[in-house]
$ cat upload-v2.cif   # mmCIF, C-alpha atoms
data_final
loop_
_atom_site.label_atom_id
_atom_site.label_comp_id
_atom_site.auth_asym_id
_atom_site.auth_seq_id
_atom_site.Cartn_x
_atom_site.Cartn_y
_atom_site.Cartn_z
CA MET I 1 -104.53 -58.20 8.88
CA THR I 2 -104.84 -59.48 5.35
CA PRO I 3 -104.75 -57.00 2.43
CA GLU I 4 -108.49 -57.52 1.95
CA GLN I 5 -109.16 -56.67 5.60
CA LYS I 6 -107.04 -53.53 5.28
CA ILE I 7 -109.19 -52.38 2.35
CA LYS I 8 -112.37 -53.18 4.29
CA HIS I 9 -110.99 -51.18 7.20
CA ALA I 10 -110.40 -48.18 4.90
CA ILE I 11 -113.95 -48.52 3.56
CA ILE I 12 -115.41 -48.64 7.08
CA ILE I 13 -113.50 -45.47 8.01
CA GLY I 14 -114.71 -43.76 4.83
CA VAL I 15 -118.32 -44.69 5.55
CA ALA I 16 -117.97 -43.50 9.15
CA GLU I 17 -116.55 -40.15 8.01
CA TYR I 18 -119.35 -39.67 5.49
CA TYR I 19 -122.18 -40.48 7.89
CA SER I 20 -120.59 -38.49 10.72
CA GLU I 21 -120.50 -35.42 8.51
CA TYR I 22 -123.95 -35.67 6.94
CA TYR I 23 -125.88 -37.14 9.87
CA SER I 24 -124.19 -35.35 12.75
CA ASP I 25 -127.53 -34.46 14.39
CA ASP I 26 -128.95 -38.01 14.30
CA LYS I 27 -128.00 -39.78 17.54
CA ALA I 28 -129.01 -43.26 16.28
CA VAL I 29 -126.80 -42.93 13.20
CA GLN I 30 -123.90 -41.66 15.31
CA GLU I 31 -124.22 -44.63 17.70
CA THR I 32 -124.23 -47.03 14.75
CA ILE I 33 -121.14 -45.37 13.26
CA ASN I 34 -119.31 -45.48 16.60
CA SER I 35 -120.06 -49.20 16.89
CA LEU I 36 -118.36 -49.78 13.51
CA LEU I 37 -115.09 -48.21 14.59
CA VAL I 38 -113.82 -51.01 16.76
CA ASP I 39 -110.73 -53.19 16.86
CA ASP I 40 -109.12 -55.15 14.01
CA ALA I 41 -110.76 -58.41 15.05
CA SER I 42 -114.24 -57.26 14.04
CA ILE I 43 -113.48 -55.68 10.65
CA ASP I 44 -115.28 -58.41 8.72
CA GLU I 45 -118.40 -58.12 10.88
CA SER I 46 -118.45 -54.31 10.58
CA TYR I 47 -117.95 -54.54 6.81
CA ASP I 48 -120.79 -57.08 6.51
CA PHE I 49 -123.03 -54.73 8.49
CA ILE I 50 -122.44 -51.72 6.22
CA CYS I 51 -122.96 -53.98 3.19
CA GLU I 52 -126.30 -55.19 4.53
CA LYS I 53 -127.38 -51.57 5.01
CA ASN I 54 -126.03 -50.53 1.55
CA MET I 55 -123.95 -47.82 3.17
CA HIS I 56 -120.70 -48.65 1.42
CA TRP I 57 -121.09 -48.24 -2.36
CA ASP I 58 -119.76 -44.70 -2.82
CA VAL I 59 -116.68 -45.38 -0.73
CA VAL I 60 -116.03 -48.74 -2.44
CA TYR I 61 -116.14 -47.14 -5.91
CA GLU I 62 -113.83 -44.36 -4.78
CA ILE I 63 -111.27 -46.70 -3.23
CA ARG I 64 -111.47 -49.22 -6.09
CA GLU I 65 -109.73 -46.73 -8.41
CA GLY I 66 -106.78 -46.51 -6.01
CA GLN I 67 -104.68 -43.53 -4.94
CA VAL I 68 -101.73 -44.09 -7.25
CA GLU I 69 -100.82 -46.25 -10.22
CA THR I 70 -97.95 -48.65 -9.66
CA GLU I 71 -95.53 -50.32 -12.02
CA VAL I 72 -96.47 -53.76 -10.67
CA PRO I 73 -97.63 -56.06 -13.51
CA SER I 74 -101.41 -56.45 -13.45
CA GLU I 75 -103.76 -59.23 -14.40
CA SER I 76 -105.15 -59.02 -17.90
CA SER I 77 -108.29 -59.96 -19.77
CA ARG I 78 -109.39 -59.77 -23.35
CA HIS I 79 -112.65 -58.15 -22.22
CA TYR I 80 -111.37 -55.34 -19.97
CA GLU I 81 -108.51 -52.91 -19.57
CA SER I 82 -106.52 -53.15 -16.35
CA LYS I 83 -103.85 -51.38 -14.38
CA SER I 84 -102.20 -51.89 -11.02
CA VAL I 85 -103.16 -49.37 -8.38
CA ALA I 86 -102.35 -48.92 -4.71
CA MET I 87 -103.53 -47.06 -1.65
CA LYS I 88 -102.00 -46.19 1.68
CA MET I 89 -104.06 -47.92 4.35
CA PRO I 90 -105.08 -46.64 7.81
CA ASP I 91 -102.18 -48.58 9.39
CA ASP I 92 -99.68 -46.73 7.09
CA THR I 93 -98.96 -49.81 4.96
CA TRP I 94 -99.60 -49.97 1.20
CA VAL I 95 -101.97 -52.40 -0.50
CA GLY I 96 -102.22 -52.93 -4.25
CA TRP I 97 -104.75 -54.55 -6.58
CA THR I 98 -105.82 -54.71 -10.20
CA TYR I 99 -108.22 -51.96 -11.26
CA TRP I 100 -110.49 -53.19 -14.05
CA TYR I 101 -112.17 -50.73 -16.40
CA GLY I 102 -113.54 -50.39 -19.95
CA GLY I 103 -115.14 -53.27 -21.76
CA GLY I 104 -117.77 -51.47 -23.79
CA LYS I 105 -121.40 -50.58 -23.49
CA HIS I 106 -122.72 -53.58 -21.56
CA ALA I 107 -119.60 -54.33 -19.52
CA GLU I 108 -119.52 -54.26 -15.75
CA PRO I 109 -115.86 -54.26 -14.70
CA ASP I 110 -116.84 -53.08 -11.21
CA GLU I 111 -118.43 -56.49 -10.64
CA ILE I 112 -115.03 -58.24 -10.78
CA ASP I 113 -113.84 -59.34 -7.34
CA TRP I 114 -110.76 -57.22 -6.73
CA MET I 115 -110.50 -57.14 -2.94
CA SER I 116 -109.80 -60.83 -2.47
CA LYS I 117 -106.86 -60.58 -4.89
CA ALA I 118 -105.28 -57.55 -3.20
CA TYR I 119 -101.66 -57.78 -2.08
CA ASN I 120 -99.33 -56.00 0.32
CA LEU I 121 -96.76 -53.68 -1.20
CA ASN I 122 -93.49 -52.21 -0.11
CA CYS I 123 -93.33 -48.52 -1.00
CA LYS I 124 -90.12 -46.51 -1.11
CA GLU I 125 -90.76 -42.79 -1.28
CA GLU I 126 -88.10 -40.22 -1.97
CA GLU I 127 -88.34 -36.55 -2.72
CA LYS I 128 -86.51 -35.41 -5.86
CA VAL I 129 -85.69 -31.95 -7.14
CA VAL I 130 -86.58 -31.51 -10.80
CA ILE I 131 -85.38 -28.78 -13.15
CA VAL I 132 -87.96 -27.77 -15.74
CA ARG I 133 -86.90 -25.63 -18.70
CA GLU I 134 -89.16 -23.61 -20.97
CA PHE I 135 -87.77 -22.09 -24.15
CA THR I 136 -89.19 -19.32 -26.32
CA LYS I 137 -87.81 -17.99 -29.58
CA LEU I 138 -86.13 -14.55 -29.53
CA ASP I 139 -86.27 -11.91 -32.22
CA LYS I 140 -83.32 -11.85 -34.68
CA THR I 141 -82.47 -8.30 -33.59
CA ALA I 142 -81.71 -9.28 -30.04
#

$ encode --input "upload-v2.cif" --output "structure tokens"
Amino acid sequence: MTPEQKIKHAIIIGVAEYYSEYYSDDKAVQETINSLLVDDASIDESYDFICEKNMHWDVVYEIREGQVETEVPSESSRHYESKSVAMKMPDDTWVGWTYWYGGGKHAEPDEIDWMSKAYNLNCKEEEKVVIVREFTKLDKTA
């Protein structure tokens, strides 16, 4: 799968989880949701379907911000602020992209195509022990 398809897959899963929770009693909605959760070959078709039905916006906005910021250099623009973000995908790989924000009162950074410019990332995770010290001043008599 391409990075863009991985993001679409995550969006489809998010939409399915939302509609399964809030429309659990509606059999027609449940059948539609179940039809979306198919194999990797039909991700684009399933994504197009949820776009046609306007079912995807909340999940897209949530994912667009990413899970974590990365140190990968991001694209830049004189009109918007940007940072590189990443998210762990359903297949346990990481995908990164440029998150655009800011721009003032009439700006629409969410209209910038970010999915098509997404890229695969290698992520090395390691747990580290950190010592944190807090100091307070003692009385002179002590």

$ resolve_selection --input "upload-v2.cif" --expression "the PyMOL selection byres ((chain I and resi 56-58) around 9)" --output "MDAnalysis selection string"
chainID I and resid 11:12 14:15 47 50:51 53:55 59:63

$ write_last_selection --input "upload-v2.cif" --atoms "C-alpha atoms" --output "short mmCIF file (atom, residue, chain, number, x, y, z; two decimals), in the coordinates of the input"
data_model
loop_
_atom_site.label_atom_id
_atom_site.label_comp_id
_atom_site.auth_asym_id
_atom_site.auth_seq_id
_atom_site.Cartn_x
_atom_site.Cartn_y
_atom_site.Cartn_z
CA ILE I 11 -113.95 -48.52 3.56
CA ILE I 12 -115.41 -48.64 7.08
CA GLY I 14 -114.71 -43.76 4.83
CA VAL I 15 -118.32 -44.69 5.55
CA TYR I 47 -117.95 -54.54 6.81
CA ILE I 50 -122.44 -51.72 6.22
CA CYS I 51 -122.96 -53.98 3.19
CA LYS I 53 -127.38 -51.57 5.01
CA ASN I 54 -126.03 -50.53 1.55
CA MET I 55 -123.95 -47.82 3.17
CA VAL I 59 -116.68 -45.38 -0.73
CA VAL I 60 -116.03 -48.74 -2.44
CA TYR I 61 -116.14 -47.14 -5.91
CA GLU I 62 -113.83 -44.36 -4.78
CA ILE I 63 -111.27 -46.70 -3.23
#

$ resolve_selection --input "upload-v2.cif" --expression "the PyMOL selection byres ((chain I and resi 102) around 9)" --output "PyMOL selection string"
chain I and resi 79-82+100-101+103-105+107-109

$ residues_around --input "upload-v2.cif" --residues "I:His9" --least-positions-apart "6" --cutoff "12 Å" --atoms "all atoms listed in the file" --output "VMD selection string"
chain I and resid 1 to 3 15 to 16 36 to 48 50 56 59 to 60 63 88 to 91 95 115

$ write_last_selection --input "upload-v2.cif" --atoms "C-alpha atoms" --output "PDB file, in the coordinates of the input"
ATOM      1  CA  MET I   1    -104.530 -58.200   8.880  1.00  0.00           C
ATOM      2  CA  THR I   2    -104.840 -59.480   5.350  1.00  0.00           C
ATOM      3  CA  PRO I   3    -104.750 -57.000   2.430  1.00  0.00           C
ATOM      4  CA  VAL I  15    -118.320 -44.690   5.550  1.00  0.00           C
ATOM      5  CA  ALA I  16    -117.970 -43.500   9.150  1.00  0.00           C
ATOM      6  CA  LEU I  36    -118.360 -49.780  13.510  1.00  0.00           C
ATOM      7  CA  LEU I  37    -115.090 -48.210  14.590  1.00  0.00           C
ATOM      8  CA  VAL I  38    -113.820 -51.010  16.760  1.00  0.00           C
ATOM      9  CA  ASP I  39    -110.730 -53.190  16.860  1.00  0.00           C
ATOM     10  CA  ASP I  40    -109.120 -55.150  14.010  1.00  0.00           C
ATOM     11  CA  ALA I  41    -110.760 -58.410  15.050  1.00  0.00           C
ATOM     12  CA  SER I  42    -114.240 -57.260  14.040  1.00  0.00           C
ATOM     13  CA  ILE I  43    -113.480 -55.680  10.650  1.00  0.00           C
ATOM     14  CA  ASP I  44    -115.280 -58.410   8.720  1.00  0.00           C
ATOM     15  CA  GLU I  45    -118.400 -58.120  10.880  1.00  0.00           C
ATOM     16  CA  SER I  46    -118.450 -54.310  10.580  1.00  0.00           C
ATOM     17  CA  TYR I  47    -117.950 -54.540   6.810  1.00  0.00           C
ATOM     18  CA  ASP I  48    -120.790 -57.080   6.510  1.00  0.00           C
ATOM     19  CA  ILE I  50    -122.440 -51.720   6.220  1.00  0.00           C
ATOM     20  CA  HIS I  56    -120.700 -48.650   1.420  1.00  0.00           C
ATOM     21  CA  VAL I  59    -116.680 -45.380  -0.730  1.00  0.00           C
ATOM     22  CA  VAL I  60    -116.030 -48.740  -2.440  1.00  0.00           C
ATOM     23  CA  ILE I  63    -111.270 -46.700  -3.230  1.00  0.00           C
ATOM     24  CA  LYS I  88    -102.000 -46.190   1.680  1.00  0.00           C
ATOM     25  CA  MET I  89    -104.060 -47.920   4.350  1.00  0.00           C
ATOM     26  CA  PRO I  90    -105.080 -46.640   7.810  1.00  0.00           C
ATOM     27  CA  ASP I  91    -102.180 -48.580   9.390  1.00  0.00           C
ATOM     28  CA  VAL I  95    -101.970 -52.400  -0.500  1.00  0.00           C
ATOM     29  CA  MET I 115    -110.500 -57.140  -2.940  1.00  0.00           C
TER      30      MET I 115
END

$ closest_residue --input "upload-v2.cif" --among "I:Glu4, I:Glu31, I:Asp110, I:Glu127" --to "I:Gly96" --atoms "only C-alpha atoms"
I:Glu4

$ closest_residue --input "upload-v2.cif" --among "I:Trp114, I:Ile13, I:Lys6, I:Tyr19" --to "I:Asp92" --atoms "all atoms listed in the file"
I:Lys6

$ residues_around --input "upload-v2.cif" --residues "I:Lys83" --least-positions-apart "3" --cutoff "8 Å" --atoms "only C-alpha atoms" --output "number ranges by chain"
I: 69, 73-75, 98-100

$ closest_residue --input "upload-v2.cif" --among "I:Cys123, I:Gly66, I:Lys8, I:Glu71" --to "I:Phe49" --atoms "all atoms listed in the file"
I:Lys8

$ atom_distance --input "upload-v2.cif" --atom1 "atom CA of I:Arg133" --atom2 "atom CA of I:Val68"
26.3 Å

$ atom_distance --input "upload-v2.cif" --atom1 "atom CA of I:Gln67" --atom2 "atom CA of I:Met87"
5.0 Å

$ atom_distance --input "upload-v2.cif" --atom1 "atom CA of I:Ala10" --atom2 "atom CA of I:Glu125"
21.3 Å

$ decode --input "upload-v2.cif" --residues "stretch 74-134 of chain I" --atoms "C-alpha atoms" --output "tab-separated table (two decimals), in the first residue's frame"
chain	number	residue	atom	x	y	z
I	74	SER	CA	8.72	19.80	6.59
I	75	GLU	CA	7.59	21.76	3.58
I	76	SER	CA	7.24	25.47	4.12
I	77	SER	CA	5.14	28.34	2.87
I	78	ARG	CA	5.09	32.04	3.48
I	79	HIS	CA	1.33	31.86	4.08
I	80	TYR	CA	1.10	29.02	6.63
I	81	GLU	CA	2.96	27.45	9.52
I	82	SER	CA	3.94	23.82	9.14
I	83	LYS	CA	5.35	20.90	11.06
I	84	SER	CA	6.06	17.27	10.31
I	85	VAL	CA	3.74	14.82	12.00
I	86	ALA	CA	3.32	11.06	11.92
I	87	MET	CA	0.87	8.36	12.86
I	88	LYS	CA	1.09	4.64	13.40
I	89	MET	CA	-1.08	2.99	10.79
I	90	PRO	CA	-3.35	-0.08	11.13
I	91	ASP	CA	-0.61	-2.29	9.62
I	92	ASP	CA	1.84	-1.14	12.39
I	93	THR	CA	3.94	0.98	10.01
I	94	TRP	CA	4.47	4.73	10.42
I	95	VAL	CA	3.43	7.36	7.88
I	96	GLY	CA	4.41	11.02	8.03
I	97	TRP	CA	3.18	14.21	6.35
I	98	THR	CA	3.26	17.98	6.64
I	99	TYR	CA	0.61	19.44	8.93
I	100	TRP	CA	-0.36	22.93	7.76
I	101	TYR	CA	-1.90	25.42	10.19
I	102	GLY	CA	-2.25	29.16	10.88
I	103	GLY	CA	-2.42	31.69	8.10
I	104	GLY	CA	-4.75	34.24	9.61
I	105	LYS	CA	-8.42	35.04	9.59
I	106	HIS	CA	-9.37	33.98	6.05
I	107	ALA	CA	-6.87	31.14	5.66
I	108	GLU	CA	-7.88	27.56	5.03
I	109	PRO	CA	-4.81	25.39	5.66
I	110	ASP	CA	-7.03	22.30	5.91
I	111	GLU	CA	-7.72	22.65	2.18
I	112	ILE	CA	-4.08	21.87	1.30
I	113	ASP	CA	-3.66	18.38	-0.13
I	114	TRP	CA	-1.57	16.57	2.47
I	115	MET	CA	-2.43	12.92	1.90
I	116	SER	CA	-0.91	12.66	-1.57
I	117	LYS	CA	2.40	13.96	-0.21
I	118	ALA	CA	2.55	11.53	2.73
I	119	TYR	CA	5.63	9.33	3.11
I	120	ASN	CA	6.60	6.14	4.88
I	121	LEU	CA	8.77	6.48	7.97
I	122	ASN	CA	11.07	4.24	9.90
I	123	CYS	CA	10.46	4.62	13.64
I	124	LYS	CA	12.89	3.47	16.29
I	125	GLU	CA	11.34	3.43	19.74
I	126	GLU	CA	13.28	2.94	22.92
I	127	GLU	CA	12.27	3.32	26.53
I	128	LYS	CA	14.54	5.56	28.62
I	129	VAL	CA	14.70	6.12	32.35
I	130	VAL	CA	14.80	9.80	33.27
I	131	ILE	CA	15.83	11.32	36.59
I	132	VAL	CA	13.92	14.48	37.46
I	133	ARG	CA	15.15	16.68	40.30
I	134	GLU	CA	13.16	19.32	42.15
